[in-house]
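This is query23.cif (mmCIF, N, CA and C atoms).
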data_my_file
#
loop_
_atom_site.label_atom_id
_atom_site.label_comp_id
_atom_site.auth_asym_id
_atom_site.auth_seq_id
_atom_site.Cartn_x
_atom_site.Cartn_y
_atom_site.Cartn_z
N MET A 445 -47.46 160.41 16.30
CA MET A 445 -46.94 159.09 16.46
C MET A 445 -45.59 159.12 17.20
N LYS A 446 -44.73 160.11 16.84
CA LYS A 446 -43.44 160.25 17.50
C LYS A 446 -43.64 160.53 18.99
N VAL A 447 -44.63 161.35 19.30
CA VAL A 447 -44.89 161.72 20.71
C VAL A 447 -45.28 160.48 21.50
N LYS A 448 -46.12 159.60 20.91
CA LYS A 448 -46.53 158.38 21.61
C LYS A 448 -45.34 157.47 21.86
N ILE A 449 -44.46 157.36 20.88
CA ILE A 449 -43.29 156.49 21.03
C ILE A 449 -42.37 157.06 22.12
N ILE A 450 -42.18 158.35 22.12
CA ILE A 450 -41.33 158.99 23.14
C ILE A 450 -41.95 158.81 24.52
N LEU A 451 -43.27 159.03 24.64
CA LEU A 451 -43.95 158.86 25.93
C LEU A 451 -43.84 157.43 26.42
N VAL A 452 -44.09 156.48 25.55
CA VAL A 452 -43.99 155.07 25.94
C VAL A 452 -42.56 154.74 26.36
N SER A 453 -41.58 155.27 25.65
CA SER A 453 -40.17 155.04 25.99
C SER A 453 -39.83 155.61 27.35
N ILE A 454 -40.29 156.81 27.64
CA ILE A 454 -40.02 157.46 28.93
C ILE A 454 -40.67 156.66 30.06
N VAL A 455 -41.93 156.26 29.87
CA VAL A 455 -42.62 155.46 30.88
C VAL A 455 -41.89 154.14 31.11
N ALA A 456 -41.45 153.51 30.05
CA ALA A 456 -40.73 152.24 30.17
C ALA A 456 -39.41 152.43 30.93
N ILE A 457 -38.72 153.50 30.64
CA ILE A 457 -37.45 153.78 31.33
C ILE A 457 -37.69 154.03 32.81
N VAL A 458 -38.69 154.83 33.13
CA VAL A 458 -39.01 155.14 34.52
C VAL A 458 -39.39 153.87 35.27
N LEU A 459 -40.24 153.06 34.68
CA LEU A 459 -40.67 151.83 35.34
C LEU A 459 -39.52 150.86 35.52
N SER A 460 -38.67 150.74 34.54
CA SER A 460 -37.53 149.83 34.69
C SER A 460 -36.54 150.37 35.72
N ALA A 461 -36.39 151.68 35.79
CA ALA A 461 -35.50 152.28 36.79
C ALA A 461 -36.03 152.02 38.19
N CYS A 462 -37.33 152.13 38.37
CA CYS A 462 -37.93 151.86 39.68
C CYS A 462 -37.75 150.41 40.07
N ASN A 463 -37.92 149.50 39.14
CA ASN A 463 -37.74 148.09 39.43
C ASN A 463 -36.30 147.77 39.80
N GLU A 464 -35.34 148.38 39.11
CA GLU A 464 -33.94 148.15 39.41
C GLU A 464 -33.60 148.69 40.79
N THR A 465 -34.14 149.85 41.13
CA THR A 465 -33.88 150.43 42.44
C THR A 465 -34.39 149.52 43.55
N ASN A 466 -35.59 149.03 43.40
CA ASN A 466 -36.15 148.15 44.42
C ASN A 466 -35.39 146.85 44.52
N SER A 467 -34.97 146.29 43.40
CA SER A 467 -34.29 145.00 43.43
C SER A 467 -32.85 145.14 43.90
N SER A 468 -32.27 146.31 43.72
CA SER A 468 -30.87 146.47 44.11
C SER A 468 -30.71 146.93 45.55
N LYS A 469 -31.80 147.23 46.22
CA LYS A 469 -31.70 147.65 47.62
C LYS A 469 -31.31 146.46 48.47
N GLN A 470 -30.43 146.70 49.39
CA GLN A 470 -30.03 145.66 50.32
C GLN A 470 -30.44 146.08 51.71
N VAL A 471 -30.96 145.15 52.43
CA VAL A 471 -31.34 145.42 53.80
C VAL A 471 -30.18 144.98 54.68
N LEU A 472 -29.62 145.93 55.40
CA LEU A 472 -28.50 145.64 56.27
C LEU A 472 -29.00 145.49 57.69
N ALA A 473 -28.65 144.41 58.30
CA ALA A 473 -29.04 144.18 59.69
C ALA A 473 -28.04 144.90 60.59
N VAL A 474 -28.53 145.78 61.41
CA VAL A 474 -27.68 146.49 62.35
C VAL A 474 -27.81 145.80 63.69
N THR A 475 -26.70 145.33 64.17
CA THR A 475 -26.73 144.64 65.45
C THR A 475 -26.12 145.53 66.51
N LYS A 476 -26.78 145.59 67.61
CA LYS A 476 -26.29 146.38 68.73
C LYS A 476 -25.35 145.50 69.54
N LYS A 477 -24.15 146.00 69.75
CA LYS A 477 -23.19 145.24 70.53
C LYS A 477 -23.64 145.24 71.99
N GLU A 478 -23.91 144.07 72.48
CA GLU A 478 -24.38 143.96 73.86
C GLU A 478 -23.19 143.83 74.80
N ILE A 479 -23.32 144.49 75.93
CA ILE A 479 -22.29 144.42 76.95
C ILE A 479 -22.65 143.24 77.86
N PRO A 480 -21.73 142.27 77.99
CA PRO A 480 -22.04 141.12 78.82
C PRO A 480 -22.25 141.52 80.28
N ALA A 481 -23.14 140.80 80.94
CA ALA A 481 -23.42 141.08 82.35
C ALA A 481 -22.17 140.77 83.18
N VAL A 482 -21.87 141.65 84.10
CA VAL A 482 -20.68 141.51 84.94
C VAL A 482 -21.12 141.53 86.39
N LYS A 483 -20.54 140.67 87.19
CA LYS A 483 -20.77 140.67 88.63
C LYS A 483 -19.50 141.18 89.29
N SER A 484 -19.57 142.36 89.86
CA SER A 484 -18.37 142.97 90.44
C SER A 484 -17.97 142.27 91.73
N ASN A 485 -16.66 142.24 91.98
CA ASN A 485 -16.12 141.72 93.23
C ASN A 485 -15.18 142.73 93.89
N THR A 486 -14.97 143.86 93.21
CA THR A 486 -14.06 144.89 93.70
C THR A 486 -14.58 146.26 93.29
N LYS A 487 -14.28 147.26 94.08
CA LYS A 487 -14.57 148.62 93.66
C LYS A 487 -13.39 149.51 93.97
N ILE A 488 -13.24 150.53 93.17
CA ILE A 488 -12.16 151.50 93.36
C ILE A 488 -12.72 152.89 93.13
N THR A 489 -12.19 153.84 93.87
CA THR A 489 -12.57 155.23 93.67
C THR A 489 -11.34 155.98 93.17
N PHE A 490 -11.48 156.55 91.98
CA PHE A 490 -10.43 157.36 91.38
C PHE A 490 -10.74 158.83 91.63
N GLU A 491 -9.72 159.62 91.90
CA GLU A 491 -9.84 161.07 91.93
C GLU A 491 -9.42 161.56 90.55
N VAL A 492 -10.33 162.24 89.85
CA VAL A 492 -10.10 162.60 88.46
C VAL A 492 -10.14 164.12 88.29
N GLU A 493 -9.09 164.66 87.66
CA GLU A 493 -9.05 166.09 87.32
C GLU A 493 -9.47 166.27 85.87
N GLY A 494 -10.00 167.46 85.57
CA GLY A 494 -10.33 167.81 84.19
C GLY A 494 -11.81 167.74 83.87
N MET A 495 -12.63 167.35 84.85
CA MET A 495 -14.07 167.28 84.62
C MET A 495 -14.69 168.65 84.85
N VAL A 496 -15.56 169.05 83.93
CA VAL A 496 -16.23 170.35 84.07
C VAL A 496 -17.74 170.20 84.32
N CYS A 497 -18.26 169.00 84.12
CA CYS A 497 -19.69 168.77 84.39
C CYS A 497 -19.94 167.30 84.64
N LYS A 498 -21.04 167.02 85.32
CA LYS A 498 -21.38 165.63 85.65
C LYS A 498 -21.94 164.89 84.45
N MET A 499 -22.84 165.54 83.71
CA MET A 499 -23.53 164.85 82.62
C MET A 499 -22.60 164.58 81.43
N GLY A 500 -21.90 165.58 80.95
CA GLY A 500 -21.05 165.40 79.77
C GLY A 500 -19.79 164.61 80.09
N CYS A 501 -18.98 165.14 80.99
CA CYS A 501 -17.71 164.49 81.33
C CYS A 501 -17.95 163.17 82.06
N GLY A 502 -18.81 163.21 83.06
CA GLY A 502 -19.12 161.99 83.81
C GLY A 502 -19.74 160.93 82.92
N GLY A 503 -20.62 161.36 82.03
CA GLY A 503 -21.26 160.42 81.11
C GLY A 503 -20.26 159.80 80.15
N ALA A 504 -19.32 160.58 79.66
CA ALA A 504 -18.29 160.06 78.75
C ALA A 504 -17.41 159.03 79.45
N ILE A 505 -17.01 159.33 80.68
CA ILE A 505 -16.18 158.39 81.45
C ILE A 505 -16.98 157.12 81.74
N ARG A 506 -18.22 157.28 82.18
CA ARG A 506 -19.08 156.13 82.48
C ARG A 506 -19.23 155.23 81.24
N LYS A 507 -19.52 155.84 80.11
CA LYS A 507 -19.72 155.08 78.87
C LYS A 507 -18.45 154.32 78.48
N ASP A 508 -17.31 154.99 78.52
CA ASP A 508 -16.05 154.33 78.14
C ASP A 508 -15.71 153.19 79.09
N LEU A 509 -15.91 153.37 80.38
CA LEU A 509 -15.61 152.31 81.33
C LEU A 509 -16.56 151.12 81.17
N MET A 510 -17.84 151.41 80.94
CA MET A 510 -18.81 150.32 80.77
C MET A 510 -18.52 149.49 79.52
N HIS A 511 -17.97 150.12 78.49
CA HIS A 511 -17.63 149.40 77.26
C HIS A 511 -16.25 148.76 77.32
N ALA A 512 -15.52 149.01 78.39
CA ALA A 512 -14.17 148.45 78.52
C ALA A 512 -14.22 146.95 78.81
N GLY A 513 -15.30 146.49 79.39
CA GLY A 513 -15.41 145.08 79.77
C GLY A 513 -14.99 144.89 81.21
N GLY A 514 -15.76 144.11 81.93
CA GLY A 514 -15.44 143.82 83.33
C GLY A 514 -16.00 144.82 84.32
N VAL A 515 -16.70 145.84 83.84
CA VAL A 515 -17.24 146.87 84.73
C VAL A 515 -18.74 146.68 84.87
N GLU A 516 -19.21 146.63 86.12
CA GLU A 516 -20.64 146.48 86.38
C GLU A 516 -21.33 147.83 86.53
N ARG A 517 -20.68 148.75 87.25
CA ARG A 517 -21.33 150.04 87.54
C ARG A 517 -20.28 151.12 87.74
N VAL A 518 -20.63 152.35 87.34
CA VAL A 518 -19.75 153.51 87.52
C VAL A 518 -20.57 154.60 88.19
N GLN A 519 -20.06 155.14 89.28
CA GLN A 519 -20.74 156.21 90.02
C GLN A 519 -19.87 157.46 89.96
N VAL A 520 -20.48 158.56 89.54
CA VAL A 520 -19.77 159.84 89.44
C VAL A 520 -20.27 160.76 90.55
N ASP A 521 -19.36 161.16 91.44
CA ASP A 521 -19.70 162.10 92.51
C ASP A 521 -19.09 163.45 92.14
N PHE A 522 -19.90 164.28 91.47
CA PHE A 522 -19.42 165.56 90.96
C PHE A 522 -19.74 166.67 91.96
N VAL A 523 -18.71 167.42 92.34
CA VAL A 523 -18.86 168.56 93.23
C VAL A 523 -18.44 169.80 92.44
N GLU A 524 -19.37 170.71 92.24
CA GLU A 524 -19.13 171.92 91.46
C GLU A 524 -17.89 172.66 91.97
N GLU A 525 -17.01 173.05 91.07
CA GLU A 525 -15.81 173.84 91.33
C GLU A 525 -14.75 173.13 92.16
N ALA A 526 -14.88 171.83 92.38
CA ALA A 526 -13.83 171.08 93.08
C ALA A 526 -12.69 170.82 92.10
N LYS A 527 -11.46 170.72 92.61
CA LYS A 527 -10.30 170.48 91.77
C LYS A 527 -10.36 169.10 91.11
N SER A 528 -10.84 168.11 91.87
CA SER A 528 -10.97 166.76 91.32
C SER A 528 -12.33 166.18 91.70
N GLN A 529 -12.73 165.16 90.97
CA GLN A 529 -14.02 164.51 91.19
C GLN A 529 -13.80 163.03 91.48
N ALA A 530 -14.71 162.45 92.25
CA ALA A 530 -14.61 161.04 92.60
C ALA A 530 -15.40 160.19 91.61
N ILE A 531 -14.72 159.20 91.04
CA ILE A 531 -15.34 158.24 90.13
C ILE A 531 -15.17 156.87 90.78
N THR A 532 -16.27 156.25 91.17
CA THR A 532 -16.23 154.93 91.79
C THR A 532 -16.62 153.88 90.74
N VAL A 533 -15.76 152.90 90.57
CA VAL A 533 -15.97 151.86 89.57
C VAL A 533 -16.12 150.52 90.29
N HIS A 534 -17.24 149.84 90.04
CA HIS A 534 -17.49 148.50 90.56
C HIS A 534 -17.16 147.53 89.42
N TYR A 535 -16.18 146.65 89.63
CA TYR A 535 -15.70 145.82 88.54
C TYR A 535 -15.32 144.41 89.01
N ASP A 536 -15.17 143.53 88.03
CA ASP A 536 -14.74 142.15 88.28
C ASP A 536 -13.22 142.11 88.08
N SER A 537 -12.49 141.87 89.17
CA SER A 537 -11.03 141.93 89.12
C SER A 537 -10.42 140.77 88.32
N THR A 538 -11.23 139.77 87.95
CA THR A 538 -10.71 138.70 87.09
C THR A 538 -10.79 139.09 85.61
N LEU A 539 -11.54 140.16 85.28
CA LEU A 539 -11.71 140.58 83.90
C LEU A 539 -10.96 141.85 83.55
N THR A 540 -10.66 142.68 84.53
CA THR A 540 -9.94 143.93 84.29
C THR A 540 -9.17 144.30 85.55
N ASP A 541 -8.33 145.31 85.46
CA ASP A 541 -7.58 145.72 86.63
C ASP A 541 -7.48 147.25 86.71
N ILE A 542 -6.91 147.72 87.79
CA ILE A 542 -6.82 149.16 88.06
C ILE A 542 -6.07 149.89 86.94
N THR A 543 -4.99 149.30 86.47
CA THR A 543 -4.19 149.93 85.42
C THR A 543 -5.01 150.15 84.15
N GLN A 544 -5.78 149.14 83.74
CA GLN A 544 -6.61 149.26 82.55
C GLN A 544 -7.71 150.30 82.74
N LEU A 545 -8.33 150.32 83.92
CA LEU A 545 -9.39 151.30 84.19
C LEU A 545 -8.84 152.72 84.17
N LYS A 546 -7.70 152.90 84.83
CA LYS A 546 -7.06 154.23 84.87
C LYS A 546 -6.71 154.70 83.46
N LYS A 547 -6.13 153.81 82.67
CA LYS A 547 -5.76 154.14 81.29
C LYS A 547 -6.99 154.52 80.49
N ARG A 548 -8.07 153.79 80.68
CA ARG A 548 -9.31 154.06 79.94
C ARG A 548 -9.85 155.46 80.28
N ILE A 549 -9.83 155.82 81.56
CA ILE A 549 -10.30 157.15 81.98
C ILE A 549 -9.44 158.23 81.34
N GLU A 550 -8.12 158.04 81.38
CA GLU A 550 -7.20 159.06 80.87
C GLU A 550 -7.23 159.18 79.35
N GLN A 551 -7.75 158.19 78.64
CA GLN A 551 -7.88 158.26 77.19
C GLN A 551 -9.23 158.83 76.75
N THR A 552 -10.17 158.93 77.67
CA THR A 552 -11.50 159.44 77.35
C THR A 552 -11.42 160.90 76.92
N ASN A 553 -12.22 161.26 75.93
CA ASN A 553 -12.26 162.64 75.40
C ASN A 553 -10.87 163.14 75.01
N ASP A 554 -10.13 162.30 74.33
CA ASP A 554 -8.79 162.66 73.82
C ASP A 554 -7.84 163.13 74.91
N GLY A 555 -7.86 162.47 76.06
CA GLY A 555 -6.91 162.78 77.12
C GLY A 555 -7.27 163.97 77.98
N GLN A 556 -8.54 164.30 78.05
CA GLN A 556 -8.99 165.46 78.84
C GLN A 556 -8.81 165.25 80.34
N PHE A 557 -8.84 164.02 80.81
CA PHE A 557 -8.86 163.73 82.24
C PHE A 557 -7.54 163.16 82.73
N THR A 558 -7.23 163.47 84.00
CA THR A 558 -6.04 162.95 84.66
C THR A 558 -6.48 162.26 85.94
N VAL A 559 -6.03 161.02 86.11
CA VAL A 559 -6.32 160.28 87.33
C VAL A 559 -5.19 160.56 88.32
N LEU A 560 -5.56 161.06 89.50
CA LEU A 560 -4.58 161.35 90.54
C LEU A 560 -4.18 160.05 91.23
N GLY A 561 -3.07 160.04 91.92
CA GLY A 561 -2.51 158.82 92.49
C GLY A 561 -3.16 158.26 93.73
N ASN A 562 -4.12 158.94 94.33
CA ASN A 562 -4.68 158.46 95.59
C ASN A 562 -5.95 157.61 95.37
N ASP A 563 -5.80 156.48 94.66
CA ASP A 563 -6.92 155.58 94.41
C ASP A 563 -7.21 154.77 95.67
N LYS A 564 -8.46 154.45 95.89
CA LYS A 564 -8.85 153.64 97.05
C LYS A 564 -9.57 152.40 96.54
N THR A 565 -8.94 151.24 96.75
CA THR A 565 -9.53 149.98 96.29
C THR A 565 -10.15 149.26 97.48
N ARG A 566 -11.31 148.64 97.23
CA ARG A 566 -11.95 147.88 98.30
C ARG A 566 -12.67 146.69 97.66
N LYS A 567 -12.49 145.53 98.24
CA LYS A 567 -13.20 144.33 97.78
C LYS A 567 -14.67 144.47 98.13
N SER A 568 -15.53 144.11 97.16
CA SER A 568 -16.97 144.11 97.42
C SER A 568 -17.37 142.81 98.07
N ASN A 569 -18.45 142.86 98.80
CA ASN A 569 -18.96 141.63 99.44
C ASN A 569 -19.85 140.87 98.51
#
Before anything else, please render the file you have as structure tokens.
Amino acid sequence: MKVKIILVSIVAIVLSACNETNSSKQVLAVTKKEIPAVKSNTKITFEVEGMVCKMGCGGAIRKDLMHAGGVERVQVDFVEEAKSQAITVHYDSTLTDITQLKKRIEQTNDGQFTVLGNDKTRKSN
């Protein structure tokens, strides 16, 4: 008789624990932050030191610039063993400026990159 009472008690505890687990679960909605569409009117090419590869370094710079706001496209022209690399940024000059873009590049990967002073800006058509 004691065994039956203990078994019934264990089953009751397990079932109530399962019900509490299911009822206490919360479904969290994960929203992906969307980057608003940007129409560029200007482009600039930065000469950047400190890049060791196109995919890792170039990808990190591209990602940071695209999330900065005001940037439509980033092109990385990586030349193996060159002292600096060309990063061309197509952006909307009403939403961001050269100073903000340069600062963003230099903060990427904890300050791994240095933007050299010979930037070339050109208005897009």
**Study point:** Evaluate the PyMOL selection byres ((chain A and resi 508-516) around 6) and report residues as a PyMOL selection string
**Key:** chain A and resi 482-484+503-507+517-518+534-536+539-540
Exercise for review: Take atom C of Glu550 in chain A and atom C of Thr532 in chain A and report the distance between them in Å, one decimal.
Suggested key: 15.7 Å
Counting only C-alpha atoms, write as a CSV table (one decimal) with N, CA and C atoms, in the frame of the given file all protein and nucleic acid residues lying at most 10 Å from (-9.5, 164.6, 87.1) in the file's frame.
chain,number,residue,atom,x,y,z
A,490,PHE,N,-11.5,156.6,92.0
A,490,PHE,CA,-10.4,157.4,91.4
A,490,PHE,C,-10.7,158.8,91.6
A,491,GLU,N,-9.7,159.6,91.9
A,491,GLU,CA,-9.8,161.1,91.9
A,491,GLU,C,-9.4,161.6,90.6
A,492,VAL,N,-10.3,162.2,89.8
A,492,VAL,CA,-10.1,162.6,88.5
A,492,VAL,C,-10.1,164.1,88.3
A,493,GLU,N,-9.1,164.7,87.7
A,493,GLU,CA,-9.0,166.1,87.3
A,493,GLU,C,-9.5,166.3,85.9
A,494,GLY,N,-10.0,167.5,85.6
A,494,GLY,CA,-10.3,167.8,84.2
A,494,GLY,C,-11.8,167.7,83.9
A,495,MET,N,-12.6,167.4,84.8
A,495,MET,CA,-14.1,167.3,84.6
A,495,MET,C,-14.7,168.6,84.8
A,496,VAL,N,-15.6,169.0,83.9
A,496,VAL,CA,-16.2,170.4,84.1
A,496,VAL,C,-17.7,170.2,84.3
A,526,ALA,N,-14.9,171.8,92.4
A,526,ALA,CA,-13.8,171.1,93.1
A,526,ALA,C,-12.7,170.8,92.1
A,527,LYS,N,-11.5,170.7,92.6
A,527,LYS,CA,-10.3,170.5,91.8
A,527,LYS,C,-10.4,169.1,91.1
A,528,SER,N,-10.8,168.1,91.9
A,528,SER,CA,-11.0,166.8,91.3
A,528,SER,C,-12.3,166.2,91.7
A,529,GLN,N,-12.7,165.2,91.0
A,529,GLN,CA,-14.0,164.5,91.2
A,529,GLN,C,-13.8,163.0,91.5
A,530,ALA,N,-14.7,162.4,92.2
A,530,ALA,CA,-14.6,161.0,92.6
A,530,ALA,C,-15.4,160.2,91.6
A,531,ILE,N,-14.7,159.2,91.0
A,531,ILE,CA,-15.3,158.2,90.1
A,531,ILE,C,-15.2,156.9,90.8
A,549,ILE,N,-9.8,155.8,81.6
A,549,ILE,CA,-10.3,157.2,82.0
A,549,ILE,C,-9.4,158.2,81.3
A,550,GLU,N,-8.1,158.0,81.4
A,550,GLU,CA,-7.2,159.1,80.9
A,550,GLU,C,-7.2,159.2,79.4
A,556,GLN,N,-8.5,164.3,78.0
A,556,GLN,CA,-9.0,165.5,78.8
A,556,GLN,C,-8.8,165.2,80.3
A,557,PHE,N,-8.8,164.0,80.8
A,557,PHE,CA,-8.9,163.7,82.2
A,557,PHE,C,-7.5,163.2,82.7
A,558,THR,N,-7.2,163.5,84.0
A,558,THR,CA,-6.0,163.0,84.7
A,558,THR,C,-6.5,162.3,85.9
A,559,VAL,N,-6.0,161.0,86.1
A,559,VAL,CA,-6.3,160.3,87.3
A,559,VAL,C,-5.2,160.6,88.3
A,560,LEU,N,-5.6,161.1,89.5
A,560,LEU,CA,-4.6,161.4,90.5
A,560,LEU,C,-4.2,160.0,91.2
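Coordinates place CA of Thr538 in chain A at a distance of 28.5 Å from CA of Phe522 in chain A.
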Practice item. Please identify which residues in range 476-528 of chain A DSSP calls strand (DSSP E) from the backbone, and express them as a VMD selection string. Key: chain A and resid 486 to 493 515 to 521 528
Exercise for review: Between atom C of Cys497 in chain A and CA of Gln519 in chain A, measure the distance and give it in Å to one decimal.
Suggested key: 12.4 Å
Practice item. Have a look at A:Arg548, A:Ile542, A:Lys498, A:Gly561 and name the one nearest to Glu525 in chain A; count only C-alpha atoms. Key: A:Lys498
